[in-house]
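Next up, protein_35.pdb (PDB, C-alpha atoms):
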ATOM      1  CA  MET A  20       0.000   0.000   0.000
ATOM      2  CA  LEU A  21       1.337   3.406  -0.926
ATOM      3  CA  PRO A  22       2.402   5.528   2.085
ATOM      4  CA  TYR A  23       0.573   8.590   0.781
ATOM      5  CA  THR A  24      -2.954   9.771   1.479
ATOM      6  CA  SER A  25      -3.210  12.183  -1.460
ATOM      7  CA  LEU A  26      -1.666  13.046  -4.798
ATOM      8  CA  GLN A  27      -0.233  16.214  -3.291
ATOM      9  CA  GLU A  28       1.507  14.233  -0.556
ATOM     10  CA  ALA A  29       2.957  11.866  -3.134
ATOM     11  CA  GLU A  30       4.247  14.734  -5.251
ATOM     12  CA  THR A  31       5.824  16.339  -2.206
ATOM     13  CA  ALA A  32       7.530  13.057  -1.286
ATOM     14  CA  ILE A  33       9.123  12.492  -4.704
ATOM     15  CA  GLY A  34       9.825  16.181  -5.310
ATOM     16  CA  ARG A  35       7.961  16.666  -8.578
ATOM     17  CA  SER A  36       4.589  16.391 -10.256
ATOM     18  CA  LEU A  37       3.350  12.883 -10.990
ATOM     19  CA  THR A  38       3.234  11.730 -14.574
ATOM     20  CA  ALA A  39      -0.051  10.542 -16.051
ATOM     21  CA  ALA A  40       1.040   6.927 -15.547
ATOM     22  CA  GLU A  41       2.014   7.598 -11.937
ATOM     23  CA  THR A  42      -1.321   9.286 -11.278
ATOM     24  CA  LEU A  43      -3.142   6.241 -12.627
ATOM     25  CA  TRP A  44      -0.962   3.968 -10.510
ATOM     26  CA  PHE A  45      -1.655   6.061  -7.412
ATOM     27  CA  ASN A  46      -5.418   6.085  -7.994
ATOM     28  CA  TYR A  47      -5.513   2.332  -8.553
ATOM     29  CA  THR A  48      -3.149   1.121  -5.821
ATOM     30  CA  ALA A  49      -3.379   3.716  -3.040
ATOM     31  CA  ASN A  50      -5.894   1.683  -1.025
ATOM     32  CA  LYS A  51      -4.710  -1.798  -2.011
ATOM     33  CA  SER A  52      -2.223  -3.841  -0.025
ATOM     34  CA  ASP A  53       1.004  -4.949  -1.723
ATOM     35  CA  TYR A  54      -0.228  -8.540  -1.418
ATOM     36  CA  ILE A  55      -3.393  -7.795  -3.389
ATOM     37  CA  ILE A  56      -1.348  -5.948  -6.004
ATOM     38  CA  TYR A  57       1.020  -8.903  -6.326
ATOM     39  CA  CYS A  58      -1.886 -11.350  -6.656
ATOM     40  CA  HIS A  59      -2.916  -9.604  -9.863
ATOM     41  CA  ASN A  60      -0.420 -12.066 -11.357
ATOM     42  CA  ILE A  61      -3.041 -14.779 -11.052
ATOM     43  CA  LEU A  62      -5.493 -12.836 -13.210
ATOM     44  CA  PHE A  63      -2.825 -11.921 -15.756
ATOM     45  CA  LEU A  64      -1.632 -15.530 -16.098
ATOM     46  CA  PHE A  65      -5.194 -16.799 -16.455
ATOM     47  CA  LEU A  66      -5.912 -14.288 -19.228
ATOM     48  CA  ILE A  67      -2.648 -15.074 -21.033
ATOM     49  CA  PHE A  68      -3.079 -18.856 -20.822
ATOM     50  CA  THR A  69      -6.639 -18.447 -22.126
ATOM     51  CA  LEU A  70      -6.576 -15.684 -24.722
ATOM     52  CA  VAL A  71      -3.167 -15.853 -26.408
ATOM     53  CA  PRO A  72      -3.553 -19.461 -27.641
ATOM     54  CA  LEU A  73      -7.057 -18.570 -28.827
ATOM     55  CA  PHE A  74      -5.464 -16.119 -31.253
ATOM     56  CA  TYR A  75      -3.690 -18.991 -33.004
ATOM     57  CA  ILE A  76      -6.859 -21.091 -33.059
ATOM     58  CA  PHE A  77      -8.788 -18.156 -34.524
ATOM     59  CA  ILE A  78      -6.366 -17.509 -37.382
ATOM     60  CA  GLU A  79      -6.142 -21.231 -38.056
ATOM     61  CA  LEU A  80      -9.908 -21.434 -38.431
ATOM     62  CA  VAL A  81     -10.399 -18.198 -40.377
ATOM     63  CA  PHE A  82      -7.191 -17.986 -42.436
ATOM     64  CA  ARG A  83      -6.299 -21.667 -42.719
ATOM     65  CA  ASP A  84      -5.370 -21.575 -46.409
ATOM     66  CA  TYR A  85      -3.290 -18.430 -46.059
ATOM     67  CA  ILE A  86      -1.250 -19.557 -43.050
ATOM     68  CA  ALA A  87      -0.860 -23.203 -44.123
ATOM     69  CA  ALA A  88       2.558 -22.424 -45.607
ATOM     70  CA  TYR A  89       3.807 -21.367 -42.171
ATOM     71  CA  LYS A  90       2.676 -24.481 -40.289
ATOM     72  CA  ILE A  91       5.810 -26.275 -39.088
ATOM     73  CA  GLN A  92       4.348 -29.796 -39.022
ATOM     74  CA  PRO A  93       1.637 -29.603 -41.702
ATOM     75  CA  LYS A  94       0.647 -33.272 -41.437
ATOM     76  CA  VAL A  95      -0.422 -32.888 -37.811
ATOM     77  CA  ASN A  96      -3.756 -31.219 -37.115
ATOM     78  CA  PHE A  97      -5.584 -30.804 -33.833
ATOM     79  CA  SER A  98      -9.332 -30.449 -33.528
ATOM     80  CA  LEU A  99     -11.059 -27.873 -31.356
ATOM     81  CA  TYR A 100     -11.758 -30.697 -28.921
ATOM     82  CA  ASP A 101      -8.035 -31.513 -28.728
ATOM     83  CA  ASN A 102      -7.151 -27.881 -28.102
ATOM     84  CA  PHE A 103      -9.708 -27.349 -25.375
ATOM     85  CA  LYS A 104      -8.923 -30.674 -23.723
ATOM     86  CA  CYS A 105      -5.361 -29.401 -23.385
ATOM     87  CA  TYR A 106      -6.690 -26.070 -22.089
ATOM     88  CA  PHE A 107      -8.766 -27.703 -19.362
ATOM     89  CA  ASP A 108      -5.801 -29.868 -18.353
ATOM     90  CA  VAL A 109      -3.736 -26.684 -18.053
ATOM     91  CA  MET A 110      -6.483 -24.952 -16.083
ATOM     92  CA  ARG A 111      -6.635 -27.852 -13.663
ATOM     93  CA  MET A 112      -2.910 -27.421 -13.057
ATOM     94  CA  PHE A 113      -3.443 -23.663 -12.810
ATOM     95  CA  ILE A 114      -6.068 -24.069 -10.080
ATOM     96  CA  LEU A 115      -4.201 -26.748  -8.127
ATOM     97  CA  VAL A 116      -0.591 -25.555  -8.483
ATOM     98  CA  VAL A 117       0.043 -22.219 -10.223
ATOM     99  CA  GLY A 118      -2.657 -20.205  -8.460
ATOM    100  CA  PRO A 119      -1.851 -21.452  -4.943
ATOM    101  CA  LEU A 120       1.864 -20.943  -5.614
ATOM    102  CA  GLN A 121       1.171 -17.316  -6.456
ATOM    103  CA  LEU A 122      -0.900 -16.886  -3.305
ATOM    104  CA  VAL A 123       1.829 -18.164  -0.978
ATOM    105  CA  SER A 124       4.912 -16.774  -2.730
ATOM    106  CA  TYR A 125       4.398 -13.122  -1.819
ATOM    107  CA  PRO A 126       6.833 -13.207   1.162
ATOM    108  CA  SER A 127       9.651 -14.149  -1.229
ATOM    109  CA  ILE A 128       8.730 -11.233  -3.502
ATOM    110  CA  ARG A 129       8.767  -8.878  -0.558
ATOM    111  CA  MET A 130      12.056 -10.320   0.675
ATOM    112  CA  ILE A 131      13.903  -9.672  -2.604
ATOM    113  CA  GLY A 132      12.645  -6.084  -2.752
ATOM    114  CA  VAL A 133      10.125  -5.917  -5.598
ATOM    115  CA  ARG A 134       8.443  -2.578  -4.882
ATOM    116  CA  THR A 135       5.045  -1.045  -5.583
ATOM    117  CA  SER A 136       5.975   2.502  -4.591
ATOM    118  CA  LEU A 137       6.366   5.720  -6.526
ATOM    119  CA  PRO A 138       8.089   6.862  -8.647
ATOM    120  CA  LEU A 139       7.441   4.406 -11.439
ATOM    121  CA  PRO A 140      10.489   3.046 -13.272
ATOM    122  CA  SER A 141      11.554   4.655 -16.519
ATOM    123  CA  LEU A 142      11.121   2.841 -19.816
ATOM    124  CA  THR A 143      14.896   2.393 -20.005
ATOM    125  CA  GLU A 144      14.964   0.795 -16.566
ATOM    126  CA  ILE A 145      12.098  -1.541 -17.432
ATOM    127  CA  ILE A 146      13.626  -2.690 -20.716
ATOM    128  CA  SER A 147      17.113  -3.180 -19.257
ATOM    129  CA  GLN A 148      15.756  -5.251 -16.374
ATOM    130  CA  LEU A 149      13.593  -7.336 -18.692
ATOM    131  CA  VAL A 150      16.652  -8.114 -20.831
ATOM    132  CA  VAL A 151      18.523  -9.243 -17.716
ATOM    133  CA  TYR A 152      15.570 -11.395 -16.612
ATOM    134  CA  PHE A 153      15.325 -13.090 -20.003
ATOM    135  CA  LEU A 154      19.068 -13.823 -20.111
ATOM    136  CA  ILE A 155      19.169 -15.243 -16.585
ATOM    137  CA  GLU A 156      16.049 -17.328 -17.097
ATOM    138  CA  ASP A 157      17.261 -18.640 -20.437
ATOM    139  CA  TYR A 158      20.619 -19.787 -19.071
ATOM    140  CA  THR A 159      19.274 -21.478 -15.942
ATOM    141  CA  ASN A 160      16.298 -22.969 -17.796
ATOM    142  CA  TYR A 161      18.718 -24.468 -20.330
ATOM    143  CA  TRP A 162      20.490 -26.542 -17.684
ATOM    144  CA  ILE A 163      17.333 -27.568 -15.853
ATOM    145  CA  HIS A 164      15.794 -28.595 -19.172
ATOM    146  CA  ARG A 165      18.873 -30.686 -20.017
ATOM    147  CA  LEU A 166      18.619 -32.348 -16.619
ATOM    148  CA  LEU A 167      14.961 -33.169 -17.256
ATOM    149  CA  HIS A 168      16.061 -35.039 -20.381
ATOM    150  CA  CYS A 169      18.126 -37.520 -18.426
ATOM    151  CA  LYS A 170      16.451 -40.938 -18.302
ATOM    152  CA  TRP A 171      14.904 -40.566 -14.846
ATOM    153  CA  GLY A 172      13.887 -36.919 -15.270
ATOM    154  CA  TYR A 173      12.249 -37.558 -18.605
ATOM    155  CA  GLU A 174      10.385 -40.728 -17.663
ATOM    156  CA  LYS A 175       9.136 -39.450 -14.307
ATOM    157  CA  ILE A 176       8.497 -35.762 -15.037
ATOM    158  CA  HIS A 177       9.228 -34.204 -18.423
ATOM    159  CA  LYS A 178       7.536 -36.833 -20.591
ATOM    160  CA  ILE A 179       4.148 -35.249 -19.932
ATOM    161  CA  HIS A 180       5.179 -32.006 -21.640
ATOM    162  CA  HIS A 181       6.429 -34.029 -24.618
ATOM    163  CA  GLU A 182       3.087 -35.726 -25.172
ATOM    164  CA  TYR A 183       2.663 -33.022 -27.805
ATOM    165  CA  THR A 184       5.301 -33.915 -30.403
ATOM    166  CA  ALA A 185       3.680 -31.213 -32.523
ATOM    167  CA  PRO A 186       3.119 -28.461 -29.945
ATOM    168  CA  ILE A 187       0.138 -26.114 -29.778
ATOM    169  CA  GLY A 188      -0.271 -22.831 -27.932
ATOM    170  CA  PHE A 189      -2.299 -24.281 -25.069
ATOM    171  CA  ALA A 190       0.451 -26.865 -24.484
ATOM    172  CA  ALA A 191       3.077 -24.273 -23.502
ATOM    173  CA  PRO A 192       2.334 -24.624 -19.746
ATOM    174  CA  TYR A 193       1.178 -28.258 -20.076
ATOM    175  CA  ALA A 194       3.531 -30.173 -17.781
ATOM    176  CA  HIS A 195       3.928 -32.308 -14.676
ATOM    177  CA  TRP A 196       3.279 -30.342 -11.475
ATOM    178  CA  VAL A 197       6.880 -30.937 -10.367
ATOM    179  CA  GLU A 198       8.144 -29.400 -13.605
ATOM    180  CA  VAL A 199       5.871 -26.391 -13.102
ATOM    181  CA  LEU A 200       7.468 -25.827  -9.692
ATOM    182  CA  ILE A 201      11.045 -26.456 -10.837
ATOM    183  CA  LEU A 202      10.831 -24.145 -13.838
ATOM    184  CA  GLY A 203       9.509 -21.405 -11.598
ATOM    185  CA  ILE A 204      13.023 -21.103 -10.182
ATOM    186  CA  PRO A 205      14.632 -19.623 -13.339
ATOM    187  CA  SER A 206      11.743 -17.172 -13.665
ATOM    188  CA  PHE A 207      12.289 -15.989 -10.088
ATOM    189  CA  LEU A 208      16.085 -15.651 -10.277
ATOM    190  CA  GLY A 209      16.151 -12.535 -12.455
ATOM    191  CA  PRO A 210      13.922 -10.420 -10.199
ATOM    192  CA  ALA A 211      15.787 -11.835  -7.170
ATOM    193  CA  ILE A 212      19.164 -10.702  -8.532
ATOM    194  CA  VAL A 213      17.951  -7.414 -10.030
ATOM    195  CA  PRO A 214      14.742  -6.470  -8.174
ATOM    196  CA  GLY A 215      12.558  -3.838  -9.770
ATOM    197  CA  HIS A 216       9.045  -2.461  -9.673
ATOM    198  CA  MET A 217       5.926  -4.617  -9.577
ATOM    199  CA  ILE A 218       5.013  -3.345 -13.046
ATOM    200  CA  THR A 219       8.304  -4.700 -14.378
ATOM    201  CA  PHE A 220       7.624  -7.990 -12.606
ATOM    202  CA  TRP A 221       4.161  -8.209 -14.161
ATOM    203  CA  LEU A 222       5.601  -7.503 -17.606
ATOM    204  CA  TRP A 223       8.289 -10.110 -17.102
ATOM    205  CA  ILE A 224       5.892 -12.881 -16.120
ATOM    206  CA  GLY A 225       3.452 -11.933 -18.884
ATOM    207  CA  LEU A 226       6.003 -11.601 -21.690
ATOM    208  CA  ARG A 227       7.720 -14.841 -20.732
ATOM    209  CA  GLN A 228       4.454 -16.769 -20.940
ATOM    210  CA  ILE A 229       3.463 -15.106 -24.216
ATOM    211  CA  GLU A 230       6.881 -16.022 -25.629
ATOM    212  CA  ALA A 231       6.402 -19.630 -24.504
ATOM    213  CA  ILE A 232       3.005 -19.796 -26.194
ATOM    214  CA  GLU A 233       4.480 -18.417 -29.418
ATOM    215  CA  THR A 234       7.265 -21.010 -29.456
ATOM    216  CA  HIS A 235       4.671 -23.752 -28.923
ATOM    217  CA  SER A 236       2.198 -22.367 -31.467
ATOM    218  CA  GLY A 237       3.182 -24.709 -34.287
ATOM    219  CA  TYR A 238       3.538 -21.773 -36.709
ATOM    220  CA  ASP A 239       6.649 -19.940 -37.852
ATOM    221  CA  PHE A 240       5.313 -16.632 -39.090
ATOM    222  CA  PRO A 241       7.842 -14.400 -40.889
ATOM    223  CA  TRP A 242       6.238 -11.141 -39.748
ATOM    224  CA  THR A 243       6.569 -11.550 -35.956
ATOM    225  CA  PHE A 244       8.749  -8.878 -34.343
ATOM    226  CA  THR A 245      10.688 -11.594 -32.504
ATOM    227  CA  LYS A 246      12.408 -12.351 -35.814
ATOM    228  CA  TYR A 247      14.425  -9.196 -35.209
ATOM    229  CA  ILE A 248      15.646 -10.177 -31.722
ATOM    230  CA  PRO A 249      19.286 -11.347 -31.845
ATOM    231  CA  PHE A 250      19.778 -15.064 -31.094
ATOM    232  CA  TYR A 251      16.050 -15.621 -30.625
ATOM    233  CA  GLY A 252      14.997 -19.243 -31.142
ATOM    234  CA  GLY A 253      11.310 -19.072 -31.971
ATOM    235  CA  ALA A 254       8.657 -21.600 -32.870
ATOM    236  CA  ASP A 255      10.612 -23.523 -35.520
ATOM    237  CA  TYR A 256      13.585 -23.885 -33.182
ATOM    238  CA  HIS A 257      11.582 -25.267 -30.263
ATOM    239  CA  ASP A 258       9.255 -27.289 -32.467
ATOM    240  CA  TYR A 259      12.238 -29.410 -33.516
ATOM    241  CA  HIS A 260      12.853 -30.258 -29.851
ATOM    242  CA  HIS A 261       9.275 -31.564 -29.531
ATOM    243  CA  TYR A 262       9.391 -33.306 -32.900
ATOM    244  CA  VAL A 263      12.425 -35.370 -31.888
ATOM    245  CA  GLY A 264      10.746 -36.069 -28.568
ATOM    246  CA  GLY A 265      12.233 -38.070 -25.718
ATOM    247  CA  GLN A 266      15.410 -38.808 -27.652
ATOM    248  CA  SER A 267      16.024 -35.114 -28.146
ATOM    249  CA  GLN A 268      19.407 -33.853 -27.024
ATOM    250  CA  SER A 269      18.986 -30.653 -28.987
ATOM    251  CA  ASN A 270      17.497 -27.168 -28.632
ATOM    252  CA  PHE A 271      17.107 -27.080 -24.848
ATOM    253  CA  ALA A 272      17.132 -23.297 -24.501
ATOM    254  CA  SER A 273      13.828 -21.630 -23.684
ATOM    255  CA  VAL A 274      14.264 -18.322 -25.520
ATOM    256  CA  PHE A 275      17.651 -17.753 -27.180
ATOM    257  CA  THR A 276      19.994 -20.002 -29.145
ATOM    258  CA  TYR A 277      23.404 -19.093 -27.740
ATOM    259  CA  CYS A 278      23.500 -21.781 -25.013
ATOM    260  CA  ASP A 279      22.718 -24.561 -27.473
ATOM    261  CA  TYR A 280      25.384 -23.205 -29.836
ATOM    262  CA  ILE A 281      28.049 -22.831 -27.124
ATOM    263  CA  TYR A 282      27.443 -26.281 -25.637
ATOM    264  CA  GLY A 283      26.899 -28.031 -28.966
ATOM    265  CA  THR A 284      23.300 -29.069 -28.441
ATOM    266  CA  ASP A 285      21.955 -27.585 -31.653
ATOM    267  CA  LYS A 286      23.878 -29.765 -34.094
ATOM    268  CA  GLY A 287      20.925 -32.012 -34.909
ATOM    269  CA  TYR A 288      18.726 -29.026 -35.643
ATOM    270  CA  ARG A 289      21.346 -27.285 -37.797
ATOM    271  CA  TYR A 290      21.983 -30.522 -39.694
ATOM    272  CA  GLN A 291      18.271 -30.962 -40.359
ATOM    273  CA  LYS A 292      17.910 -27.372 -41.596
ATOM    274  CA  ARG A 293      20.938 -27.764 -43.862
ATOM    275  CA  LEU A 294      19.606 -31.062 -45.205
ATOM    276  CA  LEU A 295      16.178 -29.606 -45.932
ATOM    277  CA  GLN A 296      17.748 -26.622 -47.675
ATOM    278  CA  GLN A 297      19.947 -28.882 -49.811
ATOM    279  CA  LEU A 298      16.961 -31.024 -50.746
ATOM    280  CA  LYS A 299      15.048 -27.897 -51.704
ATOM    281  CA  ASP A 300      17.941 -26.563 -53.782
ATOM    282  CA  SER A 301      18.509 -29.888 -55.511
ATOM    283  CA  LYS A 302      14.833 -30.158 -56.371
ATOM    284  CA  GLN A 303      14.930 -26.720 -57.947
ATOM    285  CA  ASN A 304      18.155 -27.464 -59.823
ATOM    286  CA  GLY A 305      17.265 -31.023 -60.803
ATOM    287  CA  GLY A 306      20.336 -32.509 -59.077
ATOM    288  CA  SER A 307      21.017 -34.602 -55.985
ATOM    289  CA  PRO A 308      21.895 -33.112 -52.610
ATOM    290  CA  ASP A 309      25.456 -33.196 -51.247
ATOM    291  CA  ILE A 310      24.861 -34.236 -47.634
ATOM    292  CA  LYS A 311      27.611 -33.538 -45.095
ATOM    293  CA  SER A 312      27.257 -34.035 -41.360
ATOM    294  CA  ASP A 313      28.943 -32.014 -38.629
TER     295      ASP A 313
END
Can you dump the structure from the file as structure tokens?
Amino acid sequence: MLPYTSLQEAETAIGRSLTAAETLWFNYTANKSDYIIYCHNILFLFLIFTLVPLFYIFIELVFRDYIAAYKIQPKVNFSLYDNFKCYFDVMRMFILVVGPLQLVSYPSIRMIGVRTSLPLPSLTEIISQLVVYFLIEDYTNYWIHRLLHCKWGYEKIHKIHHEYTAPIGFAAPYAHWVEVLILGIPSFLGPAIVPGHMITFWLWIGLRQIEAIETHSGYDFPWTFTKYIPFYGGADYHDYHHYVGGQSQSNFASVFTYCDYIYGTDKGYRYQKRLLQQLKDSKQNGGSPDIKSD
């Protein structure tokens, strides 16, 4: 809860007039406890898990012929029933695990210093912290993901997420409850190391889940702005990991590609892409492909 009783008191405390955004924040949060503000995460996650995958279902239904060329595994199609069965499985996990975890995790957020106070962070501060959060999460998620692909980790935990060898948007958070808890650690590390404002925290959690849904969408659209992010993996990159399935020792990274490149776990993917390109070129030229492995 903000320690001010009026806008004038807030302006006096920070030594300047409030911006329009800060005025909105004051009016909305002045009489709400920090715990209630933090618990907005539950609503945001519910809306993201529900609405973002629906976008992909909508364009698949309405623009099927136009977007067919961008479907990564064109031979695999899921019905509306399949999609919503996955959604209800995810919602069951949301109600039993994700929601309660959000309700009880506030003390850790308070401990690391995520604030709700004025002034609001600048755009530069928000962006720089989000970059740090993505890099930290990506690196730690890479190693946890590799660990989950050991024989015991895969058979006991991670196999559930790989039930979708051709992923769909709703399947992004579809996983064993233990995996949901474990993969919460990388998401928490960034804000723990570089704590910021609650708005930044909300953006981080929201953007990370939207990114996960995109990489599980099953479509590799050329017009997405993520194509312009350096070292970004994307849907095609992660789709290969699901396509190979339990035997996959490739493309473990959650967001970027640099970890897989540095540690040599993208060789299968790069070989496949090179092979497909050579087959395409040979078909156009009427020759036979010259296949070379790494």
- Query: Rounded to one decimal in Å, what is the spacing between CA of Pro93 (chain A) and CA of Glu79 (chain A)?
  - Reply: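 Here the two named atoms are 12.0 Å from each other.
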- Given only C-alpha atoms as the counted atoms, nearest of A:Ile91, A:Leu21, A:Ala231, A:Ile179 to Asn50 (chain A): A:Leu21
- Task: Find the residues around Asp157 (chain A) up to 10 Å (only C-alpha atoms counted), leave out those fewer than 4 positions away in its own chain, and share them as a PyMOL selection string.
- Result: chain A and resi 151-153+161-162+205-206+271-278
- Message: For this structure, which residues satisfy the selection - the PyMOL selection byres ((chain A and resi 165) around 10) - when it is evaluated on the file as given? I want them as a PyMOL selection string.
- Response: chain A and resi 160-164+166-169+172-173+267-272+284
- Message: With distances taken over only C-alpha atoms, which residue among A:Tyr238, A:Phe113, A:Tyr125, A:Tyr158 lies nearest Ile56 (chain A)?
- Response: A:Tyr125
With region 129-139 of chain A as the partner and 7 Å as the cut-off, tabulate the residues of region 190-291 of chain A that qualify, each row holding the nearest pair of atoms and their distance in Å to one decimal, using only C-alpha atoms, sorted by chain and rising number, as CSV.
residue,atom,partner,partner_atom,distance
A:Ala211,CA,A:Ile131,CA,5.4
A:Pro214,CA,A:Val133,CA,5.3
A:Gly215,CA,A:Val133,CA,5.3
A:His216,CA,A:Arg134,CA,4.8
A:Met217,CA,A:Thr135,CA,5.4
- Task: Skip Thr38 (chain A) itself and residues of its chain fewer than 2 positions away, then list as a PyMOL selection string all residues within 12 Å of it, counting all atoms listed in the file.
- Result: chain A and resi 26+29-30+33+35-36+40-45+137-141
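For the residues A:Ile114, A:Leu222, A:Ala32, A:Ile232, ranking by smallest atom-to-atom distance to Trp196 (chain A) using all atoms listed in the file places A:Ile114 first.
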- Query: What is the CA of Ile76 (chain A)-CA of Leu99 (chain A) distance in Å, reported with one decimal?
  - Reply: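 Those two atoms sit 8.2 Å apart.
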- Message: On this structure, the PyMOL selection byres ((chain A and resi 286) around 12) would catch which residues? List them as a ChimeraX atom specification, sorted by chain and number.
- Response: /A:256,259-260,267-271,276,279-285,287-294,312-313
- Item | Hits from the PyMOL selection byres ((chain A and resi 229) around 10), listed as a ChimeraX atom specification | /A:64,67-68,71-72,188,191,223-228,230-235
- Message: What does the structure give for the distance between CA of Phe107 (chain A) and CA of Glu182 (chain A), in Å to one decimal?
- Response: 15.4 Å
- Task: For Tyr106 (chain A), please output as a list of chain:residue names all residues within 6 Å (counting only C-alpha atoms; exclusion window: fewer than 3 positions along the same chain).
- Result: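 Everything that qualifies: A:Phe103, A:Val109, A:Phe189.
Closest approach to Trp221 (chain A) among A:Val117, A:Ile145, A:Ile78, A:Met112: A:Ile145, based on all atoms listed in the file.
Among the candidates A:Tyr89, A:Tyr247, A:Phe63, A:Tyr23, the one nearest to Ile218 (chain A) when counting all atoms listed in the file is A:Phe63.
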Since the input is missing atoms for region 285-291 of chain A, could you rebuild it with all heavy atoms and give the result as a compact mmCIF listing (two decimals), in the frame of the given file?
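rebuild21.txt written:
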# COMPACT_ATOMS: atom_id res chain seq x y z
N ASP A 285 22.82 -27.96 -30.54
CA ASP A 285 21.96 -27.58 -31.65
C ASP A 285 22.40 -28.23 -32.96
O ASP A 285 21.90 -27.88 -34.03
CB ASP A 285 21.92 -26.06 -31.82
CG ASP A 285 23.27 -25.48 -32.21
OD1 ASP A 285 24.28 -26.20 -32.10
OD2 ASP A 285 23.32 -24.31 -32.62
N LYS A 286 23.32 -29.18 -32.87
CA LYS A 286 23.88 -29.76 -34.09
C LYS A 286 22.83 -30.53 -34.90
O LYS A 286 22.83 -30.46 -36.13
CB LYS A 286 25.06 -30.66 -33.75
CG LYS A 286 26.27 -29.90 -33.22
CD LYS A 286 27.43 -30.85 -32.93
CE LYS A 286 28.65 -30.06 -32.43
NZ LYS A 286 29.79 -30.96 -32.11
N GLY A 287 21.96 -31.27 -34.20
CA GLY A 287 20.92 -32.01 -34.91
C GLY A 287 19.99 -31.08 -35.66
O GLY A 287 19.61 -31.34 -36.80
N TYR A 288 19.62 -29.99 -35.01
CA TYR A 288 18.73 -29.03 -35.64
C TYR A 288 19.40 -28.37 -36.85
O TYR A 288 18.79 -28.26 -37.92
CB TYR A 288 18.34 -27.97 -34.62
CG TYR A 288 17.55 -26.80 -35.18
CD1 TYR A 288 16.22 -26.95 -35.54
CD2 TYR A 288 18.15 -25.55 -35.35
CE1 TYR A 288 15.49 -25.88 -36.05
CE2 TYR A 288 17.43 -24.47 -35.85
CZ TYR A 288 16.11 -24.64 -36.20
OH TYR A 288 15.40 -23.59 -36.71
N ARG A 289 20.64 -27.94 -36.69
CA ARG A 289 21.35 -27.28 -37.80
C ARG A 289 21.57 -28.25 -38.96
O ARG A 289 21.47 -27.86 -40.13
CB ARG A 289 22.68 -26.71 -37.31
CG ARG A 289 22.50 -25.48 -36.42
CD ARG A 289 23.80 -24.75 -36.14
NE ARG A 289 24.63 -25.44 -35.20
CZ ARG A 289 25.84 -25.91 -35.45
NH1 ARG A 289 26.36 -25.77 -36.66
NH2 ARG A 289 26.54 -26.52 -34.52
N TYR A 290 21.82 -29.52 -38.64
CA TYR A 290 21.98 -30.52 -39.69
C TYR A 290 20.67 -30.72 -40.45
O TYR A 290 20.66 -30.81 -41.68
CB TYR A 290 22.44 -31.85 -39.09
CG TYR A 290 22.53 -32.96 -40.11
CD1 TYR A 290 23.58 -33.01 -41.04
CD2 TYR A 290 21.57 -33.97 -40.14
CE1 TYR A 290 23.65 -34.04 -41.98
CE2 TYR A 290 21.63 -34.99 -41.07
CZ TYR A 290 22.67 -35.03 -41.99
OH TYR A 290 22.75 -36.04 -42.92
N GLN A 291 19.56 -30.79 -39.70
CA GLN A 291 18.27 -30.96 -40.36
C GLN A 291 17.95 -29.79 -41.27
O GLN A 291 17.48 -29.98 -42.40
CB GLN A 291 17.17 -31.12 -39.31
CG GLN A 291 15.80 -31.43 -39.93
CD GLN A 291 14.65 -30.85 -39.11
OE1 GLN A 291 14.71 -29.69 -38.67
NE2 GLN A 291 13.62 -31.63 -38.93
